[in-house]
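Trainee: File model_6.txt follows (compact mmCIF, C-alpha atoms and all ligand atoms):
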```txt
# COMPACT_ATOMS: atom_id res chain seq x y z
CA MET A 170 153.70 189.71 22.63
CA GLN A 171 151.80 190.79 25.73
CA SER A 172 153.41 193.55 27.73
CA ILE A 173 153.81 193.16 31.49
CA THR A 174 151.46 195.37 33.47
CA HIS A 175 151.53 193.91 36.97
CA ASN A 176 154.50 196.02 38.18
CA ASP A 177 154.94 199.74 38.73
CA GLY A 178 158.03 199.71 36.54
CA SER A 179 156.04 198.30 33.61
CA LYS A 180 156.09 201.58 31.73
CA TYR A 181 159.86 201.21 31.32
CA PHE A 182 159.60 197.73 29.81
CA PRO A 183 160.14 197.27 26.09
CA LYS A 184 156.83 196.87 24.28
CA PHE A 185 156.31 194.34 21.49
CA SER A 186 153.47 194.92 19.11
CA THR A 187 154.06 191.78 17.01
CA ILE A 188 152.31 188.50 17.73
CA SER A 189 154.65 185.84 19.06
CA ILE A 190 155.57 183.09 16.63
CA GLU A 191 153.88 180.36 18.68
CA ALA A 192 150.54 182.17 18.52
CA THR A 193 150.59 183.42 14.93
CA TRP A 194 148.39 182.39 12.06
CA TRP A 195 147.35 184.26 8.93
CA ARG A 196 143.90 185.17 7.72
CA ALA A 197 143.03 184.88 4.03
CA ASP A 198 142.53 188.17 2.22
CA ILE A 199 138.86 187.83 1.33
CA THR A 200 136.60 190.81 0.82
CA ASN A 201 132.87 190.90 1.48
CA GLU A 202 132.38 191.26 -2.30
CA ASP A 203 134.29 187.98 -2.75
CA LEU A 204 131.96 186.39 -0.20
CA SER A 205 128.80 187.46 -1.98
CA TRP A 206 130.24 186.30 -5.31
CA ILE A 207 131.02 182.89 -3.77
CA ARG A 208 127.54 182.61 -2.29
CA GLN A 209 125.94 183.37 -5.64
CA ASN A 210 128.24 181.37 -7.90
CA LEU A 211 129.74 178.42 -6.04
CA GLY A 212 126.88 177.19 -3.85
CA ARG A 213 127.48 173.78 -2.31
CA ASP A 214 129.84 171.01 -3.45
CA LEU A 215 129.87 171.09 -7.28
CA GLU A 216 126.79 173.26 -7.81
CA GLY A 217 128.83 176.05 -9.40
CA GLN A 218 130.49 173.74 -11.92
CA GLY A 219 128.04 174.46 -14.77
CA SER A 220 129.55 177.79 -15.81
CA PHE A 221 133.17 176.55 -15.79
CA GLU A 222 135.24 174.27 -17.95
CA VAL A 223 136.09 171.05 -16.10
CA LEU A 224 139.81 170.36 -16.30
CA ALA A 225 141.42 166.94 -16.70
CA LYS A 226 143.48 165.63 -13.80
CA ASP A 227 146.88 166.53 -15.34
CA GLU A 228 145.97 169.97 -16.67
CA GLU A 229 147.97 172.68 -15.00
CA LEU A 230 146.58 175.90 -13.68
CA THR A 231 148.65 178.62 -15.21
CA ALA A 232 146.40 181.65 -15.25
CA GLY A 233 143.23 182.61 -13.46
CA PHE A 234 139.84 183.42 -14.85
CA PRO A 235 139.89 187.20 -14.99
CA GLU A 236 136.19 187.52 -15.75
CA HIS A 237 135.43 186.53 -12.14
CA PRO A 238 136.41 188.32 -8.94
CA LEU A 239 138.13 185.14 -7.77
CA PRO A 240 139.91 182.68 -10.05
CA VAL A 241 138.09 179.34 -9.82
CA ALA A 242 138.85 175.95 -11.41
CA PHE A 243 137.03 172.63 -11.41
CA TYR A 244 138.86 169.34 -11.90
CA GLU A 245 137.30 166.06 -12.87
CA ASN A 246 136.87 163.59 -9.99
CA GLU A 247 137.14 166.29 -7.34
CA ARG A 248 134.30 167.01 -4.95
CA ALA A 249 134.76 170.81 -4.88
CA PRO A 250 136.44 173.60 -6.87
CA ARG A 251 139.92 175.04 -6.45
CA VAL A 252 140.07 178.75 -5.79
CA MET A 253 143.00 181.14 -5.89
CA ILE A 254 143.30 182.92 -2.59
CA ALA A 255 145.63 185.56 -1.18
CA LEU A 256 147.32 185.73 2.19
CA GLY A 257 145.94 188.33 4.58
CA GLU A 258 146.97 189.72 7.96
CA ARG A 259 148.32 187.86 10.99
CA TYR A 260 146.26 187.20 14.08
CA ASP A 261 146.79 185.61 17.48
CA PHE A 262 144.95 182.27 17.56
CA ARG A 263 145.84 181.64 21.21
CA ARG A 264 144.24 184.92 22.20
CA ALA A 265 141.16 183.99 20.14
CA TYR A 266 141.01 180.69 22.05
CA LEU A 267 141.42 182.41 25.41
CA GLU A 268 138.63 184.85 24.60
CA SER A 269 136.35 182.04 23.47
CA ARG A 270 136.89 180.19 26.79
CA GLN A 271 136.40 183.36 28.82
CA SER A 272 133.18 184.29 27.06
CA ARG A 273 132.14 180.61 26.91
CA ASP A 274 131.64 180.96 23.16
CA PRO A 275 133.44 178.24 21.13
CA TYR A 276 132.64 180.04 17.84
CA LEU A 277 135.19 182.75 18.65
CA SER A 278 137.98 180.18 18.32
CA PRO A 279 139.18 178.55 15.06
CA HIS A 280 138.30 175.00 16.15
CA GLY A 281 134.76 175.88 17.31
CA SER A 282 134.05 177.87 14.17
CA PHE A 283 135.42 175.04 12.00
CA ARG A 284 133.21 172.51 13.83
CA HIS A 285 130.14 174.53 12.94
CA LEU A 286 130.57 174.95 9.16
CA GLU A 287 127.88 173.44 6.99
CA PRO A 288 129.63 170.63 5.07
CA GLY A 289 130.32 171.49 1.44
CA TYR A 290 128.90 175.02 1.66
CA HIS A 291 131.73 177.09 0.15
CA PHE A 292 130.40 180.39 1.48
CA HIS A 293 130.98 179.05 5.01
CA ALA A 294 134.51 177.92 4.11
CA PHE A 295 135.39 181.43 2.93
CA GLN A 296 133.75 183.11 5.92
CA PHE A 297 135.88 180.85 8.08
CA MET A 298 139.08 181.65 6.14
CA GLN A 299 138.34 185.36 6.23
CA GLU A 300 138.28 185.17 10.03
CA PHE A 301 140.75 182.37 10.86
CA GLY A 302 142.71 181.70 7.66
CA PRO A 303 143.32 178.69 5.40
CA LEU A 304 144.21 175.28 6.88
CA PHE A 305 147.56 175.36 5.04
CA ILE A 306 149.56 178.20 3.52
CA GLU A 307 151.49 177.57 0.33
CA SER A 308 153.85 180.52 0.56
CA ASP A 309 157.26 180.48 2.16
CA THR A 310 157.50 184.24 2.46
CA ARG A 311 154.26 184.70 4.37
CA LEU A 312 153.88 188.10 2.73
CA ARG A 313 150.49 189.69 2.56
CA GLY A 314 149.07 189.26 -0.93
CA ASP A 315 150.93 186.00 -1.74
CA THR A 316 148.56 183.84 -3.79
CA TRP A 317 148.09 180.12 -4.40
CA TRP A 318 145.44 177.67 -5.53
CA LEU A 319 143.49 176.31 -2.60
CA ASN A 320 141.84 172.91 -3.00
CA LEU A 321 138.39 173.00 -1.41
CA SER A 322 138.03 169.20 -1.77
CA ASP A 323 140.83 168.80 0.74
CA PHE A 324 139.30 171.46 2.99
CA TRP A 325 135.97 169.62 3.14
CA ASP A 326 137.56 166.18 3.52
CA ARG A 327 139.44 167.42 6.57
CA HIS A 328 136.35 169.13 7.89
CA ALA A 329 134.44 165.83 7.65
CA ARG A 330 137.16 164.01 9.60
CA PHE A 331 137.35 166.62 12.34
CA VAL A 332 133.57 166.79 12.76
CA ALA A 333 133.23 162.98 12.79
CA VAL A 334 135.76 162.67 15.63
CA ALA A 335 134.40 165.71 17.49
CA LYS A 336 130.90 164.17 17.43
CA LEU A 337 132.21 160.96 18.98
CA TRP A 338 133.62 162.98 21.84
CA GLU A 339 130.54 165.18 22.26
CA ASP A 340 128.15 162.23 22.44
CA ARG A 341 130.37 159.71 24.23
CA PHE A 342 127.82 159.33 27.04
CA GLN A 343 124.84 158.89 24.72
CA PRO A 344 124.92 155.27 23.46
CA GLU A 345 122.27 155.72 20.74
CA LYS A 346 124.00 158.70 19.16
CA LEU A 347 127.38 157.07 19.57
CA ARG A 348 126.23 154.04 17.58
CA ASP A 349 125.03 156.37 14.83
CA HIS A 350 128.33 158.25 14.74
CA TRP A 351 130.38 155.04 14.60
CA THR A 352 128.13 153.73 11.84
CA TYR A 353 128.63 156.94 9.86
CA ILE A 354 132.41 156.69 10.27
CA GLY A 355 132.30 153.02 9.25
CA ALA A 356 130.37 153.87 6.10
CA ASN A 357 132.67 156.78 5.22
CA HIS A 358 136.03 155.76 6.64
CA GLU A 359 137.76 155.69 3.25
CA LEU A 360 136.84 159.31 2.67
CA LEU A 361 137.90 160.23 6.21
CA ASP A 362 141.15 158.25 5.90
CA ARG A 363 142.35 160.38 3.01
CA ALA A 364 141.76 163.62 4.93
CA GLY A 365 145.03 163.66 6.76
CA GLU A 366 148.52 162.26 6.71
CA ALA A 367 147.45 158.75 7.69
CA GLN A 368 144.37 156.58 8.17
CA LEU A 369 142.20 156.71 11.26
CA GLY A 370 143.95 155.02 14.18
CA TYR A 371 147.52 155.63 12.95
CA ILE A 372 150.25 157.83 14.43
CA PRO A 373 153.64 158.92 13.05
CA ASP A 374 156.61 156.60 13.50
CA LEU A 375 160.27 157.16 12.63
CA LYS A 376 160.88 153.70 11.23
CA TYR A 377 157.60 152.87 9.50
CA LYS A 378 156.40 156.44 8.91
CA TYR A 379 153.02 155.55 10.45
CA ILE A 380 152.01 152.79 12.82
CA ARG A 381 148.60 151.75 14.02
CA ILE A 382 147.89 152.10 17.73
CA CYS A 383 144.11 151.63 17.78
CA PRO A 384 142.39 148.28 18.37
CA PRO A 385 139.95 147.00 15.70
CA MET A 386 137.43 149.70 14.83
CA PRO A 387 133.68 148.95 14.72
CA TRP A 388 133.61 148.70 10.91
CA GLU A 389 136.26 145.98 11.13
CA TRP A 390 134.25 143.86 13.58
CA GLU A 391 132.45 140.63 12.87
CA PRO A 392 128.74 141.55 12.84
CA PHE A 393 127.95 139.46 15.98
CA LYS A 394 130.11 141.82 18.05
CA TRP A 395 127.45 144.51 17.78
CA GLU A 396 125.08 142.24 19.69
CA LEU A 397 127.41 141.42 22.57
CA PRO A 398 126.58 142.72 26.06
CA GLY A 399 128.63 145.77 26.99
CA VAL A 400 129.03 146.86 23.37
CA ASP A 401 128.08 150.45 24.24
CA ASN A 402 130.87 150.68 26.79
CA HIS A 403 133.26 149.24 24.28
CA LEU A 404 132.16 151.78 21.66
CA ARG A 405 132.81 154.51 24.21
CA SER A 406 136.26 153.18 25.07
CA LEU A 407 137.13 153.31 21.36
CA VAL A 408 136.28 157.02 21.34
CA TYR A 409 139.20 157.66 23.68
CA GLU A 410 141.49 155.38 21.65
CA LEU A 411 140.69 157.10 18.37
CA LEU A 412 140.74 160.64 19.73
CA TYR A 413 144.12 159.98 21.32
CA SER A 414 145.66 158.82 18.05
CA GLU A 415 143.99 161.63 16.09
CA LEU A 416 145.41 164.27 18.43
CA ILE A 417 148.90 162.79 18.06
CA LEU A 418 148.64 162.48 14.28
CA HIS A 419 147.21 165.88 13.43
CA THR A 420 149.35 168.00 15.77
CA GLN A 421 152.57 166.90 14.05
CA ASP A 422 152.77 170.08 11.94
CA CYS A 423 154.67 171.83 14.68
CA ILE A 424 158.19 172.96 15.38
CA GLN A 425 159.94 173.15 18.71
CA THR A 426 160.58 176.82 19.44
CA TRP A 427 161.13 179.24 22.32
CA THR A 428 159.00 181.94 23.78
CA ARG A 429 160.54 185.10 25.32
CA ARG A 430 159.00 187.18 28.05
CA THR A 431 159.94 190.41 29.75
CA VAL A 432 160.07 190.10 33.54
CA PRO A 433 160.71 192.66 36.31
CA HIS A 434 164.21 192.91 37.76
CA PRO A 435 164.80 194.47 41.26
CA GLU A 436 168.01 196.26 40.23
CA PHE A 437 167.93 196.65 36.43
CA VAL A 438 164.15 197.19 36.10
CA TRP A 439 163.61 194.43 33.53
CA ASP A 440 165.05 191.17 32.36
CA GLU A 441 163.98 188.54 29.86
CA GLU A 442 163.28 184.86 30.27
CA PHE A 443 162.87 182.11 27.70
CA ALA A 444 160.77 178.97 27.79
CA PRO A 445 160.30 176.08 25.37
CA THR A 446 157.07 175.96 23.38
CA ARG A 447 155.89 174.83 19.98
CA ALA A 448 154.68 176.73 16.96
CA PHE A 449 152.37 175.29 14.33
CA THR A 450 152.86 175.27 10.60
CA SER A 451 149.21 174.60 9.75
CA LEU A 452 145.85 175.77 11.03
CA TRP A 453 144.76 172.15 10.70
CA SER A 454 147.17 171.30 13.53
CA VAL A 455 146.07 174.34 15.52
CA ILE A 456 142.46 173.17 15.32
CA TRP A 457 143.38 169.77 16.79
CA GLU A 458 145.64 171.36 19.39
CA LEU A 459 142.81 173.59 20.62
CA PHE A 460 140.36 170.70 20.59
CA GLY A 461 142.86 168.72 22.66
CA LEU A 462 143.21 171.62 25.10
CA ASP A 463 139.43 171.62 25.49
CA VAL A 464 139.44 167.92 26.30
CA GLU A 465 142.13 168.63 28.89
CA HIS A 466 139.85 171.18 30.59
CA ALA A 467 137.47 170.02 33.28
CA TYR A 468 134.70 170.29 30.70
CA SER A 469 134.88 170.87 26.98
CA TRP A 470 132.17 172.30 24.75
CA LYS A 471 128.66 170.88 24.62
CA LEU A 472 125.74 171.18 22.25
CA CYS A 473 122.75 172.98 23.74
CA GLN A 474 119.87 170.52 24.16
CA VAL A 475 117.35 173.17 23.12
CA CYS A 476 118.92 175.15 20.26
CA GLY A 477 121.87 172.94 19.24
CA ARG A 478 124.38 175.77 19.67
CA LEU A 479 127.90 174.94 20.91
CA PHE A 480 128.81 176.44 24.28
CA TYR A 481 131.33 176.09 27.08
CA PRO A 482 129.29 175.13 30.16
CA LYS A 483 129.53 177.01 33.45
CA ASP A 484 129.67 173.73 35.30
CA ARG A 485 129.57 170.04 34.55
CA ARG A 486 125.78 169.76 34.89
CA SER A 487 124.88 172.48 32.38
CA VAL A 488 123.27 171.06 29.27
CA CYS A 489 122.03 174.30 27.70
CA CYS A 490 123.71 177.45 26.37
CA ASN A 491 121.91 179.92 28.64
CA THR A 492 119.64 180.00 31.71
CA GLU A 493 116.51 180.48 29.59
CA HIS A 494 117.19 177.31 27.59
CA GLN A 495 118.32 175.49 30.75
CA SER A 496 114.98 176.12 32.48
CA LEU A 497 113.04 175.23 29.31
CA TRP A 498 114.97 171.97 29.14
CA SER A 499 114.30 171.23 32.85
CA LYS A 500 110.55 171.79 32.29
CA ARG A 501 110.56 169.43 29.30
CA GLN A 502 112.43 166.80 31.30
CA TRP A 503 109.97 167.15 34.17
CA ALA A 504 107.01 166.79 31.77
CA ARG A 505 108.57 163.70 30.21
CA ARG A 506 109.15 162.07 33.61
CA HIS A 507 105.61 162.98 34.64
CA ARG A 508 104.14 161.32 31.51
CA THR A 509 106.28 158.24 32.05
CA SER A 510 105.22 157.82 35.67
CA LYS A 511 101.54 158.11 34.61
CA ALA A 512 101.91 155.39 31.96
CA PRO A 513 99.94 152.20 32.89
CA ASN A 514 102.83 149.80 32.37
CA ARG A 515 106.39 149.71 31.15
CA SER A 516 106.05 146.93 28.60
CA GLY A 517 105.55 149.38 25.74
CA GLU A 518 108.65 151.24 26.74
CA ALA A 519 110.66 148.04 26.91
CA LYS A 520 109.38 147.11 23.47
CA GLU A 521 110.49 150.46 22.16
CA VAL A 522 113.99 149.92 23.54
CA ARG A 523 114.12 146.52 21.84
CA MET A 524 112.96 148.04 18.55
CA THR A 525 115.61 150.74 18.77
CA ALA A 526 118.30 148.17 19.47
CA LYS A 527 117.10 146.19 16.48
CA LYS A 528 117.45 149.24 14.31
CA HIS A 529 121.19 149.05 14.88
CA SER A 530 121.54 145.44 13.85
CA PRO A 531 124.48 144.51 11.61
CA ALA A 532 122.11 144.22 8.64
CA TRP A 533 121.20 147.85 9.10
CA ILE A 534 124.86 148.75 9.33
CA GLN A 535 125.51 146.85 6.10
CA THR A 536 122.77 148.87 4.42
CA ALA A 537 124.38 152.05 5.67
CA LYS A 538 127.70 150.90 4.24
CA SER A 539 126.28 150.09 0.85
CA THR A 540 124.67 153.51 0.57
CA ALA A 541 127.65 155.38 1.97
CA LYS A 542 126.89 159.07 1.73
CA ALA A 543 127.71 161.98 3.95
CA LYS A 544 124.79 162.94 6.15
CA PRO A 545 123.56 166.40 5.23
CA ARG A 546 123.40 168.77 8.17
CA THR A 547 120.35 170.83 8.83
CA LYS A 548 120.35 173.52 6.21
CA LYS A 549 119.41 176.97 7.30
CA SER A 550 120.08 180.24 5.61
CA PRO A 551 123.55 181.51 6.49
CA ARG A 552 123.77 184.59 8.64
CA ARG A 553 126.69 186.59 9.96
CA ASP A 554 126.90 187.62 13.56
CA LYS A 555 128.70 190.59 14.97
CA ASN A 556 131.99 188.72 15.06
CA ASN A 557 131.71 187.79 11.42
CA ALA A 558 131.56 184.13 12.39
CA PRO A 559 129.44 181.74 10.35
CA CYS A 560 125.81 181.36 11.32
CA ARG A 561 125.23 179.74 14.69
CA CYS A 562 121.70 178.66 14.15
CA ALA A 563 122.21 175.32 12.37
ZN ZN B 1 120.54 177.04 23.54
```
Could you take the file, read its structure, and then write that structure out as structure tokens?
Ligand SMILES: [Zn+2]

Mentor:
Amino acid sequence: MQSITHNDGSKYFPKFSTISIEATWWRADITNEDLSWIRQNLGRDLEGQGSFEVLAKDEELTAGFPEHPLPVAFYENERAPRVMIALGERYDFRRAYLESRQSRDPYLSPHGSFRHLEPGYHFHAFQFMQEFGPLFIESDTRLRGDTWWLNLSDFWDRHARFVAVAKLWEDRFQPEKLRDHWTYIGANHELLDRAGEAQLGYIPDLKYKYIRICPPMPWEWEPFKWELPGVDNHLRSLVYELLYSELILHTQDCIQTWTRRTVPHPEFVWDEEFAPTRAFTSLWSVIWELFGLDVEHAYSWKLCQVCGRLFYPKDRRSVCCNTEHQSLWSKRQWARRHRTSKAPNRSGEAKEVRMTAKKHSPAWIQTAKSTAKAKPRTKKSPRRDKNNAPCRCA
């Protein structure tokens, strides 16, 4: 809990060194040796499977694999291994969020760091958990060193869902990209549906458990709808519908609680006051909560147009992460406009627009559906920065 420092009598106030319950989450106890072992032996997705026995669905995990630094198990029909992990120290996720906003660096916060992980790359998952902890903790004592089997398939499924929705929000004003993102979600919605308590577009309900609040999603449309005028605006309006239901659904892992605060008192030096708040029982919920808080801000994070890095912009017009990239971007834009104005006629340009629109025809969407596969992100060699956050260069 933060001590009060704005009053002369502050030195007499009780000091609390513990993190308040509404801001607490736990890191995973992962050493740097564990990280290098994971990088060498687990790779991406199921790459590390070769040196392990693959277990049948109903086989129980009773003991670890002592020959490895970390116990690892592969199950048939799962997209990633299970790994035994141990609970580490507490940290203050709200402080991490505050610092990330103040320094305009989304990677310092759990939700920004999670957004940036390379899908299926287990080294990144463990870097993330070393810094911000597992999405769920299977220990009711919350004691340091408690162990349990963590399912990385679930981790990556949830990551895919969060990133898919985050991309819709990030590119809501860019119709071409938005069509691509909706097409990806349409082709992969079954995978994304299972990464959470309910399908996309559903929220919790006391009577029916979950009810649907979203209108028909693009993958449920008749193909002709993609050709209707105003479809881009409609696709954008669905971003708000889906994000709204996702925020409601994924922030349900919370409990109503109270926060206490020491305040100055004119006669008795100090007093305490209480206020209602909520604490989260999963980092998964925290990630959505922080993403929702970003959306509430005047401007949430953006992707730099030059280097692709996430950043919190200084003002609404910023499109790059720093002044150097901003001026480079302005020069490129100027050059592009200059070339366009020199062009002899616009018919070629119009043709190009028509071709691009054609690319997104329902037939193309059908092809995408039939070859449903997660889009690989740009792969670059992982690198740690000074804050131990996963590489920012992808
Ligand atoms: Zn940049």

Trainee: Report as a list of chain:residue names all protein, DNA and RNA residues lying within 6 Å of range 321-328 of chain A, evaluated on only C-alpha atoms, omitting residues in the same chain fewer than 3 positions from it.

Mentor: A:Arg248, A:Ala249, A:Pro250, A:Arg251, A:Phe331, A:Ala364

Trainee: Between A:Ile190, A:Gly461, A:Val408, A:Leu304, which residue has the minimum interatomic distance to Lys336 in chain A, considering all atoms listed in the file?

Mentor: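 The shortest atom-to-atom distance to Lys336 in chain A comes from A:Val408.
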
Trainee: Please, what distance in Å, to one decimal, runs between CA of Cys423 in chain A and CA of Trp351 in chain A?

Mentor: 29.5 Å

Trainee: Please check which protein, DNA or RNA residues sit within 10 Å of ligand ZN 1 (chain B), counting only C-alpha atoms and all ligand atoms, and write them as a CSV table (one decimal) with C-alpha atoms, in the frame of the given file.

Mentor:
```
chain,number,residue,atom,x,y,z
A,472,LEU,CA,125.7,171.2,22.2
A,473,CYS,CA,122.8,173.0,23.7
A,474,GLN,CA,119.9,170.5,24.2
A,475,VAL,CA,117.4,173.2,23.1
A,476,CYS,CA,118.9,175.2,20.3
A,477,GLY,CA,121.9,172.9,19.2
A,478,ARG,CA,124.4,175.8,19.7
A,479,LEU,CA,127.9,174.9,20.9
A,480,PHE,CA,128.8,176.4,24.3
A,488,VAL,CA,123.3,171.1,29.3
A,489,CYS,CA,122.0,174.3,27.7
A,490,CYS,CA,123.7,177.4,26.4
A,491,ASN,CA,121.9,179.9,28.6
A,492,THR,CA,119.6,180.0,31.7
A,493,GLU,CA,116.5,180.5,29.6
A,494,HIS,CA,117.2,177.3,27.6
A,495,GLN,CA,118.3,175.5,30.8
A,497,LEU,CA,113.0,175.2,29.3
A,498,TRP,CA,115.0,172.0,29.1
A,562,CYS,CA,121.7,178.7,14.2
```

Trainee: Take CA of Ser205 in chain A and CA of Ser451 in chain A and report the distance between them in Å, one decimal.

Mentor: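 Separation of CA of Ser205 in chain A and CA of Ser451 in chain A: 26.8 Å.
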
Trainee: Distance CA of Leu407 in chain A-CA of His419 in chain A, one decimal place?

Mentor: 18.0 Å

Trainee: For range 292-299 of chain A, find every residue with an atom within 6 Å (counting all atoms listed in the file), except residues of its own chain fewer than 4 positions away, and show them as a list in words.

Mentor: Arg196, Ala197, Ile199, Ile207, Arg208, Leu286 and Pro303 of chain A
